[in-house]
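Notes for the one structure printed next.
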Amino acid sequence: MKNRLKKMSAAVMALFVLVAAVACGKNKILEQTDIIAEQCGLEETDDIDRVLKDVAGTQDYTEQVYLKADGAEAAQPVYDVVFNRSNTYPKAEVTSIAVMYTNVLNSDGYAIRENAYVMTFKNSKKASEFYGHLLNKLGVLNFSKGKDGNVRYGVYKDINENFVVQQGIYNDGKTVVVFTGNGQNINDFMLSDRICNVMNLIAPDDYAPQR
């Protein structure tokens with residue numbers, strides 16, 4: 001009887017360890033991007049070439065797509081081929097990445113284009129260095145930067161007579177979030193709005209200086 005109880009206890013403990021391992025193995029950052037993609041009605045795809053054509057601006061039709069890759073082996077090619085397609089950025093090592101892209105028409109028939117990247121790096125130091133590099137790329141643009149809790153941010157917005165351009169760059173631990181948007185007015189940006197809401201990030205609309 002004692003042996004049976006020991007075996008049962010061992011089995012229960014093994015099951016508990018397995019469940020805990022699976023739970024701990026979930027990528028919370030990618031879970032957040034799943035929520036964002038669902039809220040924005042993005043179609044999930046694993047076609048890197050399709051997403052590359054989207055973010056490179058070579059597609060001439062409306063598109064709403066979402067690609068994610070977990071683990072360095074899957075994520076690194078997405079970073080290299082899609083985000084760093086022109087070798088503008090450091091050859092960084094990423095352990096997960098999500099790419100979200102929308103190109104839709106607003107009620108006035110004006111094209112609204114947004115794309116976003118959520119990247120996880122090997123460690124916080126690598127993520128911080130990458131964030132700093134992205135911030136430097138903003139150059140002389142009239143952008144705001146600061147810190148909100150643990151999140152460092154740089155946000156930019158330019159409102160013209162005919163269009164609005166905005167960008168957000170964020171760093172929290174090992175995670176870096178980057179998004180850009182081109183639209184007709186500030187209310188056109190659905191993707192970046194959902195990202196800021198779900199991930200609790202400072203929005204360019206609220207904190208970026210205006211011309």
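Within each chain, counting starts at residue 1; across the structure tokens, chains are named A, B, ... in the order shown, with ligands numbered 1 upward in that order.
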
Per DSSP on the backbone, what are the strand (DSSP E or B) residues of range 39-196 of chain A, as number ranges by chain? A: 43-44, 63-70, 94-105, 111-121, 144-148, 151-159, 164-172, 175-183

Do a neighbour search on range 159-166 of chain A at 12 Å with only C-alpha atoms, toss out local chain neighbours closer than 4 positions, and write the hits as a ChimeraX atom specification. /A:110-116,138,141-144,154-155,178-189,191-193,203-211

Residue nearest Glu93 in chain A among A:Gly109, A:Gly71, A:Gly41, A:Gly149 (counting only C-alpha atoms):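 So, comparing all the options, the nearest one is A:Gly71.
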
Skipping near chain neighbours, those fewer than 2 positions away, what residues fall within 7 Å of Tyr66 in chain A using only C-alpha atoms, listed as a ChimeraX atom specification? /A:37,42-45,68,99-101

Selection file, all heavy atoms, as a PDB file, in the first residue's frame:
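Saved the output as part.pdb:
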ATOM      1  N   ALA A  37      -2.960  40.969 -32.498  1.00  0.00           N
ATOM      2  CA  ALA A  37      -3.301  40.515 -33.845  1.00  0.00           C
ATOM      3  C   ALA A  37      -4.771  40.162 -33.966  1.00  0.00           C
ATOM      4  O   ALA A  37      -5.431  40.486 -34.964  1.00  0.00           O
ATOM      5  CB  ALA A  37      -2.439  39.306 -34.217  1.00  0.00           C
ATOM      6  N   LEU A  42      -5.788  40.585 -37.831  1.00  0.00           N
ATOM      7  CA  LEU A  42      -4.669  40.245 -38.704  1.00  0.00           C
ATOM      8  C   LEU A  42      -4.676  38.759 -39.053  1.00  0.00           C
ATOM      9  O   LEU A  42      -4.981  37.911 -38.221  1.00  0.00           O
ATOM     10  CB  LEU A  42      -3.342  40.597 -38.036  1.00  0.00           C
ATOM     11  CG  LEU A  42      -3.181  42.031 -37.518  1.00  0.00           C
ATOM     12  CD1 LEU A  42      -1.761  42.242 -37.001  1.00  0.00           C
ATOM     13  CD2 LEU A  42      -3.509  43.048 -38.600  1.00  0.00           C
ATOM     14  N   GLU A  43      -4.322  38.460 -40.273  1.00  0.00           N
ATOM     15  CA  GLU A  43      -4.221  37.078 -40.734  1.00  0.00           C
ATOM     16  C   GLU A  43      -2.831  36.548 -40.414  1.00  0.00           C
ATOM     17  O   GLU A  43      -1.825  37.131 -40.819  1.00  0.00           O
ATOM     18  CB  GLU A  43      -4.451  37.007 -42.249  1.00  0.00           C
ATOM     19  CG  GLU A  43      -4.228  35.627 -42.839  1.00  0.00           C
ATOM     20  CD  GLU A  43      -4.153  35.642 -44.357  1.00  0.00           C
ATOM     21  OE1 GLU A  43      -4.455  36.696 -44.957  1.00  0.00           O
ATOM     22  OE2 GLU A  43      -3.771  34.605 -44.933  1.00  0.00           O
ATOM     23  N   GLU A  44      -2.759  35.435 -39.678  1.00  0.00           N
ATOM     24  CA  GLU A  44      -1.450  34.873 -39.340  1.00  0.00           C
ATOM     25  C   GLU A  44      -0.879  34.125 -40.540  1.00  0.00           C
ATOM     26  O   GLU A  44      -1.593  33.410 -41.243  1.00  0.00           O
ATOM     27  CB  GLU A  44      -1.551  33.943 -38.138  1.00  0.00           C
ATOM     28  CG  GLU A  44      -0.195  33.463 -37.654  1.00  0.00           C
ATOM     29  CD  GLU A  44      -0.235  32.795 -36.294  1.00  0.00           C
ATOM     30  OE1 GLU A  44      -1.333  32.731 -35.686  1.00  0.00           O
ATOM     31  OE2 GLU A  44       0.827  32.351 -35.833  1.00  0.00           O
ATOM     32  N   THR A  45       0.411  34.301 -40.774  1.00  0.00           N
ATOM     33  CA  THR A  45       1.077  33.647 -41.894  1.00  0.00           C
ATOM     34  C   THR A  45       2.477  33.236 -41.469  1.00  0.00           C
ATOM     35  O   THR A  45       3.047  33.807 -40.526  1.00  0.00           O
ATOM     36  CB  THR A  45       1.175  34.590 -43.106  1.00  0.00           C
ATOM     37  OG1 THR A  45       1.834  33.917 -44.186  1.00  0.00           O
ATOM     38  CG2 THR A  45       1.959  35.849 -42.778  1.00  0.00           C
ATOM     39  N   LYS A  68       4.856  35.355 -36.532  1.00  0.00           N
ATOM     40  CA  LYS A  68       5.620  35.270 -35.287  1.00  0.00           C
ATOM     41  C   LYS A  68       6.524  34.048 -35.326  1.00  0.00           C
ATOM     42  O   LYS A  68       6.230  33.048 -35.997  1.00  0.00           O
ATOM     43  CB  LYS A  68       4.698  35.205 -34.074  1.00  0.00           C
ATOM     44  CG  LYS A  68       3.855  33.943 -33.990  1.00  0.00           C
ATOM     45  CD  LYS A  68       3.050  33.918 -32.693  1.00  0.00           C
ATOM     46  CE  LYS A  68       2.198  32.653 -32.617  1.00  0.00           C
ATOM     47  NZ  LYS A  68       1.450  32.565 -31.339  1.00  0.00           N
ATOM     48  N   VAL A  99       6.004  40.100 -36.241  1.00  0.00           N
ATOM     49  CA  VAL A  99       5.872  41.179 -37.219  1.00  0.00           C
ATOM     50  C   VAL A  99       4.390  41.360 -37.502  1.00  0.00           C
ATOM     51  O   VAL A  99       3.693  40.389 -37.824  1.00  0.00           O
ATOM     52  CB  VAL A  99       6.609  40.854 -38.536  1.00  0.00           C
ATOM     53  CG1 VAL A  99       6.533  42.049 -39.484  1.00  0.00           C
ATOM     54  CG2 VAL A  99       8.051  40.464 -38.275  1.00  0.00           C
ATOM     55  N   MET A 100       3.911  42.598 -37.377  1.00  0.00           N
ATOM     56  CA  MET A 100       2.511  42.899 -37.663  1.00  0.00           C
ATOM     57  C   MET A 100       2.464  44.009 -38.709  1.00  0.00           C
ATOM     58  O   MET A 100       3.199  44.989 -38.604  1.00  0.00           O
ATOM     59  CB  MET A 100       1.790  43.325 -36.390  1.00  0.00           C
ATOM     60  CG  MET A 100       1.634  42.195 -35.383  1.00  0.00           C
ATOM     61  SD  MET A 100       1.022  42.742 -33.752  1.00  0.00           S
ATOM     62  CE  MET A 100       2.563  43.235 -32.973  1.00  0.00           C
ATOM     63  N   TYR A 101       1.603  43.829 -39.696  1.00  0.00           N
ATOM     64  CA  TYR A 101       1.549  44.794 -40.795  1.00  0.00           C
ATOM     65  C   TYR A 101       0.111  45.017 -41.227  1.00  0.00           C
ATOM     66  O   TYR A 101      -0.672  44.065 -41.368  1.00  0.00           O
ATOM     67  CB  TYR A 101       2.359  44.280 -41.982  1.00  0.00           C
ATOM     68  CG  TYR A 101       2.245  45.153 -43.213  1.00  0.00           C
ATOM     69  CD1 TYR A 101       3.051  46.272 -43.380  1.00  0.00           C
ATOM     70  CD2 TYR A 101       1.308  44.866 -44.199  1.00  0.00           C
ATOM     71  CE1 TYR A 101       2.936  47.084 -44.499  1.00  0.00           C
ATOM     72  CE2 TYR A 101       1.180  45.668 -45.317  1.00  0.00           C
ATOM     73  CZ  TYR A 101       1.995  46.775 -45.462  1.00  0.00           C
ATOM     74  OH  TYR A 101       1.873  47.579 -46.568  1.00  0.00           O
TER      75      TYR A 101
END

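When only C-alpha atoms are used to measure the gap to Lys126 in chain A, the shortest distance among A:Gln39, A:Thr95, A:Asn106, A:Asn87 belongs to A:Thr95.
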
Please extract the residues of range 13-209 of chain A with a backbone DSSP assignment of alpha helix (DSSP H) and present them as a ChimeraX atom specification. /A:13-25,28-39,48-55,72-78,124-137,190-199,204-207

Could you give me, as an mmCIF file with N, CA and C atoms, in the first residue's frame, the residues within 12 Å of Ile202 in chain A, counting only C-alpha atoms and dropping anything in the same chain fewer than 5 positions from it?
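The resulting file, out_26.cif, is reproduced below:
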data_model
loop_
_atom_site.group_PDB
_atom_site.id
_atom_site.type_symbol
_atom_site.label_atom_id
_atom_site.label_comp_id
_atom_site.auth_asym_id
_atom_site.auth_seq_id
_atom_site.Cartn_x
_atom_site.Cartn_y
_atom_site.Cartn_z
ATOM 1 N N SER A 144 10.389 62.700 -28.531
ATOM 2 C CA SER A 144 10.454 62.705 -27.071
ATOM 3 C C SER A 144 10.981 61.364 -26.588
ATOM 4 N N LYS A 145 11.776 61.386 -25.529
ATOM 5 C CA LYS A 145 12.231 60.136 -24.941
ATOM 6 C C LYS A 145 12.132 60.241 -23.426
ATOM 7 N N GLY A 146 11.999 59.083 -22.794
ATOM 8 C CA GLY A 146 11.867 59.091 -21.346
ATOM 9 C C GLY A 146 11.731 57.679 -20.817
ATOM 10 N N LYS A 147 11.226 57.569 -19.595
ATOM 11 C CA LYS A 147 11.048 56.273 -18.959
ATOM 12 C C LYS A 147 9.730 56.261 -18.221
ATOM 13 N N ASP A 148 8.988 55.191 -18.404
ATOM 14 C CA ASP A 148 7.702 55.016 -17.746
ATOM 15 C C ASP A 148 7.754 53.693 -16.995
ATOM 16 N N GLY A 149 8.007 53.747 -15.682
ATOM 17 C CA GLY A 149 8.236 52.519 -14.938
ATOM 18 C C GLY A 149 9.536 51.887 -15.385
ATOM 19 N N ASN A 150 9.459 50.628 -15.834
ATOM 20 C CA ASN A 150 10.649 49.935 -16.333
ATOM 21 C C ASN A 150 10.859 50.130 -17.830
ATOM 22 N N VAL A 151 9.922 50.790 -18.476
ATOM 23 C CA VAL A 151 9.961 50.899 -19.941
ATOM 24 C C VAL A 151 10.605 52.211 -20.379
ATOM 25 N N ARG A 152 11.666 52.113 -21.154
ATOM 26 C CA ARG A 152 12.255 53.297 -21.781
ATOM 27 C C ARG A 152 11.593 53.486 -23.147
ATOM 28 N N TYR A 153 11.391 54.724 -23.542
ATOM 29 C CA TYR A 153 10.693 54.944 -24.798
ATOM 30 C C TYR A 153 11.237 56.157 -25.548
ATOM 31 N N GLY A 154 11.061 56.118 -26.856
ATOM 32 C CA GLY A 154 11.291 57.255 -27.728
ATOM 33 C C GLY A 154 10.122 57.303 -28.701
ATOM 34 N N VAL A 155 9.409 58.417 -28.747
ATOM 35 C CA VAL A 155 8.223 58.522 -29.605
ATOM 36 C C VAL A 155 8.307 59.764 -30.477
ATOM 37 N N TYR A 156 7.799 59.621 -31.679
ATOM 38 C CA TYR A 156 7.877 60.701 -32.668
ATOM 39 C C TYR A 156 6.553 60.829 -33.398
ATOM 40 N N GLN A 167 6.022 57.234 -34.864
ATOM 41 C CA GLN A 167 6.909 56.110 -34.596
ATOM 42 C C GLN A 167 7.073 55.952 -33.091
ATOM 43 N N GLY A 168 7.184 54.707 -32.667
ATOM 44 C CA GLY A 168 7.427 54.416 -31.259
ATOM 45 C C GLY A 168 8.519 53.372 -31.123
ATOM 46 N N ILE A 169 9.444 53.588 -30.190
ATOM 47 C CA ILE A 169 10.523 52.645 -29.902
ATOM 48 C C ILE A 169 10.551 52.438 -28.396
ATOM 49 N N TYR A 170 10.546 51.171 -27.951
ATOM 50 C CA TYR A 170 10.433 50.875 -26.528
ATOM 51 C C TYR A 170 11.386 49.754 -26.126
ATOM 52 N N ASN A 171 11.847 49.819 -24.886
ATOM 53 C CA ASN A 171 12.721 48.773 -24.352
ATOM 54 C C ASN A 171 12.294 48.453 -22.922
ATOM 55 N N VAL A 177 10.267 46.937 -28.717
ATOM 56 C CA VAL A 177 9.080 47.097 -29.562
ATOM 57 C C VAL A 177 9.300 48.312 -30.461
ATOM 58 N N SER A 192 -0.977 50.518 -33.812
ATOM 59 C CA SER A 192 -0.151 51.072 -32.740
ATOM 60 C C SER A 192 -0.987 51.367 -31.498
ATOM 61 N N ASP A 193 -2.245 51.739 -31.687
ATOM 62 C CA ASP A 193 -3.133 51.984 -30.561
ATOM 63 C C ASP A 193 -3.333 50.714 -29.742
ATOM 64 N N ARG A 194 -3.566 49.595 -30.434
ATOM 65 C CA ARG A 194 -3.758 48.318 -29.730
ATOM 66 C C ARG A 194 -2.465 47.879 -29.046
ATOM 67 N N ILE A 195 -1.333 48.093 -29.689
ATOM 68 C CA ILE A 195 -0.047 47.725 -29.090
ATOM 69 C C ILE A 195 0.164 48.479 -27.792
ATOM 70 N N CYS A 196 -0.071 49.774 -27.825
ATOM 71 C CA CYS A 196 0.120 50.590 -26.623
ATOM 72 C C CYS A 196 -0.854 50.190 -25.515
ATOM 73 N N ASN A 197 -2.089 49.866 -25.878
ATOM 74 C CA ASN A 197 -3.078 49.471 -24.877
ATOM 75 C C ASN A 197 -2.757 48.120 -24.253
ATOM 76 N N TYR A 207 2.411 61.887 -26.189
ATOM 77 C CA TYR A 207 3.659 62.392 -25.644
ATOM 78 C C TYR A 207 4.634 62.975 -26.664
ATOM 79 N N ALA A 208 4.402 62.755 -27.955
ATOM 80 C CA ALA A 208 5.324 63.298 -28.943
ATOM 81 C C ALA A 208 5.016 64.766 -29.200
#

Nearest residue to Val65 in chain A from the set A:Asp34, A:Thr102, A:Leu52, A:Phe83 (distances using only C-alpha atoms):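 Smallest distance to Val65 in chain A is found for A:Thr102.
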
Just to confirm, what's the straight-line distance from CA of Lys174 in chain A to CA of Phe121 in chain A in Å (one decimal)?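 If I compute the distance from CA of Lys174 in chain A to CA of Phe121 in chain A, I get 5.3 Å.
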
Return the single residue from A:Val55, A:Leu135, A:Ala92, A:Ala98 that is closest to Asn123 in chain A, with distances computed using only C-alpha atoms.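 The closest residue to Asn123 in chain A is A:Ala92.
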